[in-house]
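Colleague: What follows is a single structure, and I will ask about it in a moment.
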Amino acid sequence: MPLSQADLTRIALDITANLSNRDRFSRLLTTVRENLHCDAAALLSFQGHQFTPLAIDGLSADVLGRRFILSEHPRLETIARAGDIVRFPSDSELPDPYDGLIPNVDGDLKVHACIGLPLFANEQLIGALTIDALDPHKFDQFTNSELRSFSAIAAASLNNALLIDKLEKQASNFNIPGTKTSGLLDHETEIIGQADNFLALLNEVNVVAATELNVLILGETGTGKELIAKEIHLHSVRAKKPLVYLNCAALAESVAESELFGHVKGAFTGAISHRSGKFEMADKGTLFLDEIGELALNLQAKLLRVLQYGDLQKVGDDRSLKVDVRIIAATNKDLKSEVLAGRFRADLYHRLSVFPIVVPPLRERREDIHLLAGFFIERYRQQLHLTHLALEPSSLQLLEQYDWPGNVRELEHAIHRAAVLAKSQTSKEGMCLIKNSHFEFAQTTDTVARQNKKPTMKQSATSLPQTSLRDATEHFQSQFIQQALAQTDGNWAATARYLQIDPGNLHRLAKRLGLK
């Protein structure tokens, strides 16, 4: 029997010990690898027709961020549909989701021995334990009965974590009618992150979601403020009511009042019918005002009245309309400074900032970069119809070292572009590998690293690039504009404001540089 009595006792104690789920799962996989001598193991949870890695051992770090949809991964689908252990033959034609994802081996080397252990609780599939090896005969010595011991222990460990999570959510949602309680992955929009400061943020989200307080979300562009707003709404008592979105930065001042409060027929030229505003659409629900710092001062006063009294007037109408709306606002500006500068009303700021939430930039949660990278890689592997898509180890290091001025949004765009380039340069079917050269910022990062090193006399004499000043300037302008576009999600008007340049001049410069 591969598991000694001491191993069984220790794992059983781990299941009931006061350990974090991460520690409990990691110790389980360590025991699996030590006893089965496999090259890789993974514990996956199952929900919504997909497997989500909870812990891995012997696999590339980005695997933790991947989400394996059954229809895209036939081996995992086979495990999900099986009622017992699945042993895949070494010559199986079904692609293994972990091919090329075992570090320190040739990227084209495939997994040859693969066993899947479906995990059940109360006859319901809750997850799977996968065991892989490069040696096709690695697991021949183990009987199904022995492997079922691992399966039973893993199922108990996972089910215990699910029950604890469910109890914690029930406690936090106590006396809040209509809120949902479920397992670890009960998110319509999943938020990826395990860094301590990000987990603290999610705790704040759970706390404020259960209240009726207005929320102000602060953070740099691209940090995921809209996802946080959705998370607050989905865990609030208003979850079954609409969440209405409005980008204040994209509002033309001439139509902003109508967008917010609506108008009646004939209120102005072109008002050929009655129209509901965002507040009316969000009645009994939540209104998310993105880029609230861009809202004009006259509209700020009218917004304040709705927050204070709960009534509004449509453009061209003398009657008041009562609404019940929770406000979640977001901005990348320092609103305190905007108040001091007279560009934002102090009374509105105090109304909105009852519960401020600060979303940390990606450079302050670097341990989440590999998770996010894996999440986006799996997304674009699916979209590009690739069998396998992976990062070479040096590319993952590159991502973790870069400062990401555009945050998570820039990371997503960078991986999307790199995946497209990797696919275009892959001549054979099978493994598609993303390399350093597929990232635009790789050369810049290498240059900065070299500049941080103290140069020798010979290096100083030959350090200038072999190009003209004009070409170097245009190259810098092109990269800088592209980074700004990434931070503003491709919005040219917002990019012009960010670069402090006239929009017309920006468009002409972009055409000259070949960006349009």
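Naming works like this for the structure tokens: A, B, ... for the chains as they're shown, residue 1 at the start of each chain, ligands 1 onward in shown order.
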Residues within 12 Å of region 379-389 of chain A, please, as a ChimeraX atom specification. Count only C-alpha atoms; anything in the same chain fewer than 2 positions from it doesn't count.
Modeller: /A:62-63,65-74,94-101,107-108,110,372-377,391-392,412-424,426,428-435
Colleague: With a distance cut-off of 6 Å and only C-alpha atoms, select the neighbouring residues of Leu44 (chain A), excluding the residue or stretch itself and same-chain residues fewer than 4 positions from it, and output the selection as a short mmCIF file (atom, residue, chain, number, x, y, z; two decimals) with N, CA, C and O atoms, in the first residue's frame.
Modeller:
data_model
loop_
_atom_site.label_atom_id
_atom_site.label_comp_id
_atom_site.auth_asym_id
_atom_site.auth_seq_id
_atom_site.Cartn_x
_atom_site.Cartn_y
_atom_site.Cartn_z
N PHE A 51 -13.60 22.85 -14.55
CA PHE A 51 -12.70 22.53 -13.43
C PHE A 51 -11.83 23.75 -13.15
O PHE A 51 -11.29 24.38 -14.07
N THR A 52 -11.66 24.05 -11.87
CA THR A 52 -10.82 25.17 -11.44
C THR A 52 -9.73 24.65 -10.51
O THR A 52 -10.05 24.03 -9.48
N PRO A 53 -8.45 24.86 -10.83
CA PRO A 53 -7.37 24.39 -9.95
C PRO A 53 -7.40 25.08 -8.59
O PRO A 53 -7.49 26.31 -8.51
N LEU A 54 -7.35 24.30 -7.54
CA LEU A 54 -7.26 24.82 -6.18
C LEU A 54 -5.84 24.71 -5.63
O LEU A 54 -5.43 25.52 -4.80
N GLY A 127 -15.21 17.70 -7.63
CA GLY A 127 -13.87 18.02 -8.07
C GLY A 127 -13.16 16.81 -8.64
O GLY A 127 -13.79 15.78 -8.95
N ALA A 128 -11.86 16.94 -8.79
CA ALA A 128 -11.05 15.84 -9.32
C ALA A 128 -9.61 15.98 -8.82
O ALA A 128 -9.15 17.09 -8.54
#
Colleague: Find the residues near region 118-120 of chain A: any atom within 10 Å, counting only C-alpha atoms, skip ones fewer than 3 places away on the same chain, and give them as number ranges by chain.
Modeller: A: 43-46, 76, 78-86, 115, 123-130, 148, 150-156, 158-159
Colleague: Please list as a PyMOL selection string every residue within 10 Å of Glu294 (chain A), counting only C-alpha atoms and excluding residues in the same chain fewer than 5 positions away.
Modeller: chain A and resi 247-251+300+331+333+343-344
Colleague: Using the selection just defined, write its residues with N, CA, C and O atoms as a PDB file, in the first residue's frame.
Modeller:
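The result, written out as part24.pdb:
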ATOM      1  N   ASN A 247     -20.520  55.484 -17.947  1.00  0.00           N
ATOM      2  CA  ASN A 247     -19.164  56.024 -17.968  1.00  0.00           C
ATOM      3  C   ASN A 247     -19.247  57.538 -18.075  1.00  0.00           C
ATOM      4  O   ASN A 247     -19.569  58.094 -19.122  1.00  0.00           O
ATOM      5  N   CYS A 248     -18.950  58.220 -16.979  1.00  0.00           N
ATOM      6  CA  CYS A 248     -19.073  59.684 -16.945  1.00  0.00           C
ATOM      7  C   CYS A 248     -18.069  60.361 -17.863  1.00  0.00           C
ATOM      8  O   CYS A 248     -18.318  61.463 -18.361  1.00  0.00           O
ATOM      9  N   ALA A 249     -16.924  59.713 -18.115  1.00  0.00           N
ATOM     10  CA  ALA A 249     -15.910  60.318 -18.974  1.00  0.00           C
ATOM     11  C   ALA A 249     -16.360  60.366 -20.426  1.00  0.00           C
ATOM     12  O   ALA A 249     -15.902  61.204 -21.198  1.00  0.00           O
ATOM     13  N   ALA A 250     -17.260  59.461 -20.802  1.00  0.00           N
ATOM     14  CA  ALA A 250     -17.714  59.411 -22.190  1.00  0.00           C
ATOM     15  C   ALA A 250     -18.953  60.265 -22.424  1.00  0.00           C
ATOM     16  O   ALA A 250     -19.497  60.288 -23.531  1.00  0.00           O
ATOM     17  N   LEU A 251     -19.426  60.960 -21.390  1.00  0.00           N
ATOM     18  CA  LEU A 251     -20.643  61.759 -21.507  1.00  0.00           C
ATOM     19  C   LEU A 251     -20.343  63.131 -22.106  1.00  0.00           C
ATOM     20  O   LEU A 251     -19.522  63.883 -21.575  1.00  0.00           O
ATOM     21  N   GLN A 300     -23.011  67.491 -10.905  1.00  0.00           N
ATOM     22  CA  GLN A 300     -22.709  67.025  -9.560  1.00  0.00           C
ATOM     23  C   GLN A 300     -23.758  67.525  -8.567  1.00  0.00           C
ATOM     24  O   GLN A 300     -24.175  66.794  -7.660  1.00  0.00           O
ATOM     25  N   THR A 331     -13.300  55.989  -9.623  1.00  0.00           N
ATOM     26  CA  THR A 331     -12.452  56.996 -10.254  1.00  0.00           C
ATOM     27  C   THR A 331     -10.994  56.620 -10.109  1.00  0.00           C
ATOM     28  O   THR A 331     -10.610  55.923  -9.155  1.00  0.00           O
ATOM     29  N   LYS A 333      -8.913  59.222 -10.178  1.00  0.00           N
ATOM     30  CA  LYS A 333      -8.408  60.513  -9.721  1.00  0.00           C
ATOM     31  C   LYS A 333      -8.349  60.573  -8.193  1.00  0.00           C
ATOM     32  O   LYS A 333      -9.058  59.834  -7.509  1.00  0.00           O
ATOM     33  N   ARG A 343     -12.733  71.411  -8.462  1.00  0.00           N
ATOM     34  CA  ARG A 343     -13.281  70.683  -9.607  1.00  0.00           C
ATOM     35  C   ARG A 343     -14.275  69.596  -9.201  1.00  0.00           C
ATOM     36  O   ARG A 343     -14.888  68.962 -10.051  1.00  0.00           O
ATOM     37  N   PHE A 344     -14.407  69.361  -7.910  1.00  0.00           N
ATOM     38  CA  PHE A 344     -15.366  68.368  -7.428  1.00  0.00           C
ATOM     39  C   PHE A 344     -15.979  68.879  -6.141  1.00  0.00           C
ATOM     40  O   PHE A 344     -15.285  69.413  -5.264  1.00  0.00           O
TER      41      PHE A 344
END
Colleague: Show which residues sit within 6 Å of region 211-222 of chain A, as a PyMOL selection string. Count only C-alpha atoms, and ignore same-chain residues fewer than 2 positions away.
Modeller: chain A and resi 208-209+224+327-332+352-353+355-359+406-409+487
Colleague: Out of A:Asn21, A:Glu257, A:Leu398, A:Arg87, which residue has the shortest atom-to-atom distance to Phe142 (chain A) when counting only C-alpha atoms?
Modeller: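 Between A:Asn21, A:Glu257, A:Leu398, A:Arg87, the residue approaching Phe142 (chain A) most closely is A:Arg87.
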Colleague: Quick one: residues within 8 Å of region 491-497 of chain A, only C-alpha atoms, excluding same-chain residues fewer than 5 positions away - as a ChimeraX atom specification?
Modeller: /A:249,481,484-485,502-503,506
Colleague: Could you please take those selected residues and save all heavy atoms as a tab-separated table (two decimals), in the first residue's frame?
Modeller:
chain	number	residue	atom	x	y	z
A	249	ALA	N	-16.92	59.71	-18.12
A	249	ALA	CA	-15.91	60.32	-18.97
A	249	ALA	C	-16.36	60.37	-20.43
A	249	ALA	O	-15.90	61.20	-21.20
A	249	ALA	CB	-14.60	59.53	-18.86
A	481	ILE	N	2.14	56.10	-26.72
A	481	ILE	CA	0.72	56.24	-27.08
A	481	ILE	C	0.01	54.90	-26.94
A	481	ILE	O	-1.13	54.83	-26.44
A	481	ILE	CB	0.58	56.79	-28.51
A	481	ILE	CG1	1.05	58.24	-28.57
A	481	ILE	CG2	-0.87	56.69	-29.00
A	481	ILE	CD1	1.13	58.81	-29.97
A	484	ALA	N	-0.68	54.26	-23.34
A	484	ALA	CA	-1.78	55.10	-22.88
A	484	ALA	C	-3.12	54.57	-23.37
A	484	ALA	O	-4.12	54.57	-22.65
A	484	ALA	CB	-1.57	56.54	-23.34
A	485	LEU	N	-3.15	54.10	-24.62
A	485	LEU	CA	-4.39	53.51	-25.16
A	485	LEU	C	-4.80	52.27	-24.37
A	485	LEU	O	-5.98	52.03	-24.11
A	485	LEU	CB	-4.19	53.13	-26.64
A	485	LEU	CG	-4.43	54.22	-27.68
A	485	LEU	CD1	-3.96	53.75	-29.06
A	485	LEU	CD2	-5.89	54.62	-27.72
A	502	ASP	N	-4.01	67.86	-27.51
A	502	ASP	CA	-5.26	68.10	-28.24
A	502	ASP	C	-5.66	66.84	-29.00
A	502	ASP	O	-4.82	66.20	-29.65
A	502	ASP	CB	-5.07	69.26	-29.22
A	502	ASP	CG	-6.34	69.55	-30.01
A	502	ASP	OD1	-7.27	70.16	-29.45
A	502	ASP	OD2	-6.40	69.13	-31.18
A	503	PRO	N	-6.96	66.43	-28.93
A	503	PRO	CA	-7.38	65.20	-29.61
A	503	PRO	C	-7.07	65.20	-31.10
A	503	PRO	O	-6.67	64.17	-31.66
A	503	PRO	CB	-8.90	65.17	-29.35
A	503	PRO	CG	-9.08	65.95	-28.09
A	503	PRO	CD	-8.05	67.02	-28.13
A	506	LEU	N	-3.48	64.46	-31.56
A	506	LEU	CA	-3.20	63.06	-31.27
A	506	LEU	C	-3.56	62.18	-32.46
A	506	LEU	O	-2.81	61.27	-32.83
A	506	LEU	CB	-3.96	62.61	-30.02
A	506	LEU	CG	-3.82	61.12	-29.66
A	506	LEU	CD1	-2.37	60.75	-29.41
A	506	LEU	CD2	-4.67	60.78	-28.45
Colleague: Find the residues near region 234-246 of chain A: any atom within 6 Å, counting only C-alpha atoms, skip ones fewer than 3 places away on the same chain, and give them as a short mmCIF file (atom, residue, chain, number, x, y, z; two decimals) with all heavy atoms, in the first residue's frame.
Modeller:
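To be explicit, this is the file written out as out02.cif:
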data_model
loop_
_atom_site.label_atom_id
_atom_site.label_comp_id
_atom_site.auth_asym_id
_atom_site.auth_seq_id
_atom_site.Cartn_x
_atom_site.Cartn_y
_atom_site.Cartn_z
N GLY A 178 -32.61 37.23 0.42
CA GLY A 178 -32.34 37.24 -1.00
C GLY A 178 -30.89 37.04 -1.39
O GLY A 178 -30.58 36.92 -2.56
N THR A 179 -29.97 37.01 -0.44
CA THR A 179 -28.57 36.81 -0.78
C THR A 179 -28.31 35.34 -1.02
O THR A 179 -28.97 34.47 -0.47
CB THR A 179 -27.63 37.32 0.33
OG1 THR A 179 -28.01 36.70 1.56
CG2 THR A 179 -27.72 38.81 0.47
N ALA A 209 -20.97 44.99 0.85
CA ALA A 209 -22.04 44.49 -0.03
C ALA A 209 -23.31 44.23 0.76
O ALA A 209 -24.42 44.42 0.22
CB ALA A 209 -21.58 43.22 -0.74
N ALA A 210 -23.17 43.82 2.00
CA ALA A 210 -24.34 43.49 2.81
C ALA A 210 -25.04 44.71 3.38
O ALA A 210 -26.04 44.57 4.07
CB ALA A 210 -23.91 42.57 3.96
N GLU A 231 -19.12 42.78 -8.19
CA GLU A 231 -19.06 41.87 -7.04
C GLU A 231 -19.89 42.41 -5.88
O GLU A 231 -20.61 41.65 -5.21
CB GLU A 231 -17.60 41.69 -6.61
CG GLU A 231 -17.37 40.61 -5.58
CD GLU A 231 -17.38 39.22 -6.17
OE1 GLU A 231 -17.66 39.07 -7.38
OE2 GLU A 231 -17.14 38.27 -5.42
N ALA A 282 -32.23 52.11 -13.01
CA ALA A 282 -31.62 51.41 -11.87
C ALA A 282 -32.50 51.41 -10.64
O ALA A 282 -32.04 51.00 -9.56
CB ALA A 282 -30.27 52.06 -11.54
N GLY A 285 -32.34 49.00 -7.80
CA GLY A 285 -31.08 48.31 -8.05
C GLY A 285 -29.89 49.19 -7.74
O GLY A 285 -29.91 49.97 -6.79
N THR A 286 -28.85 49.06 -8.56
CA THR A 286 -27.58 49.75 -8.33
C THR A 286 -27.18 50.51 -9.59
O THR A 286 -27.31 50.00 -10.69
CB THR A 286 -26.47 48.75 -7.97
OG1 THR A 286 -26.89 47.96 -6.85
CG2 THR A 286 -25.18 49.45 -7.63
N LEU A 287 -26.68 51.72 -9.40
CA LEU A 287 -26.15 52.52 -10.51
C LEU A 287 -24.64 52.66 -10.31
O LEU A 287 -24.18 53.15 -9.28
CB LEU A 287 -26.80 53.90 -10.55
CG LEU A 287 -26.27 54.89 -11.60
CD1 LEU A 287 -26.42 54.31 -13.01
CD2 LEU A 287 -26.99 56.23 -11.50
N PHE A 288 -23.89 52.19 -11.29
CA PHE A 288 -22.44 52.28 -11.23
C PHE A 288 -21.97 53.45 -12.08
O PHE A 288 -22.11 53.43 -13.31
CB PHE A 288 -21.80 50.98 -11.72
CG PHE A 288 -20.29 51.03 -11.78
CD1 PHE A 288 -19.56 51.53 -10.73
CD2 PHE A 288 -19.60 50.56 -12.90
CE1 PHE A 288 -18.16 51.59 -10.77
CE2 PHE A 288 -18.22 50.60 -12.95
CZ PHE A 288 -17.50 51.12 -11.90
N LEU A 289 -21.45 54.48 -11.44
CA LEU A 289 -20.96 55.67 -12.12
C LEU A 289 -19.44 55.58 -12.23
O LEU A 289 -18.71 55.88 -11.27
CB LEU A 289 -21.37 56.93 -11.35
CG LEU A 289 -22.88 57.17 -11.22
CD1 LEU A 289 -23.16 58.38 -10.34
CD2 LEU A 289 -23.52 57.34 -12.60
#
Colleague: Grab the CA of Leu396 (chain A) to CA of Asp132 (chain A) distance for me, in Å with one decimal place.
Modeller: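 So the answer is 22.4 Å.
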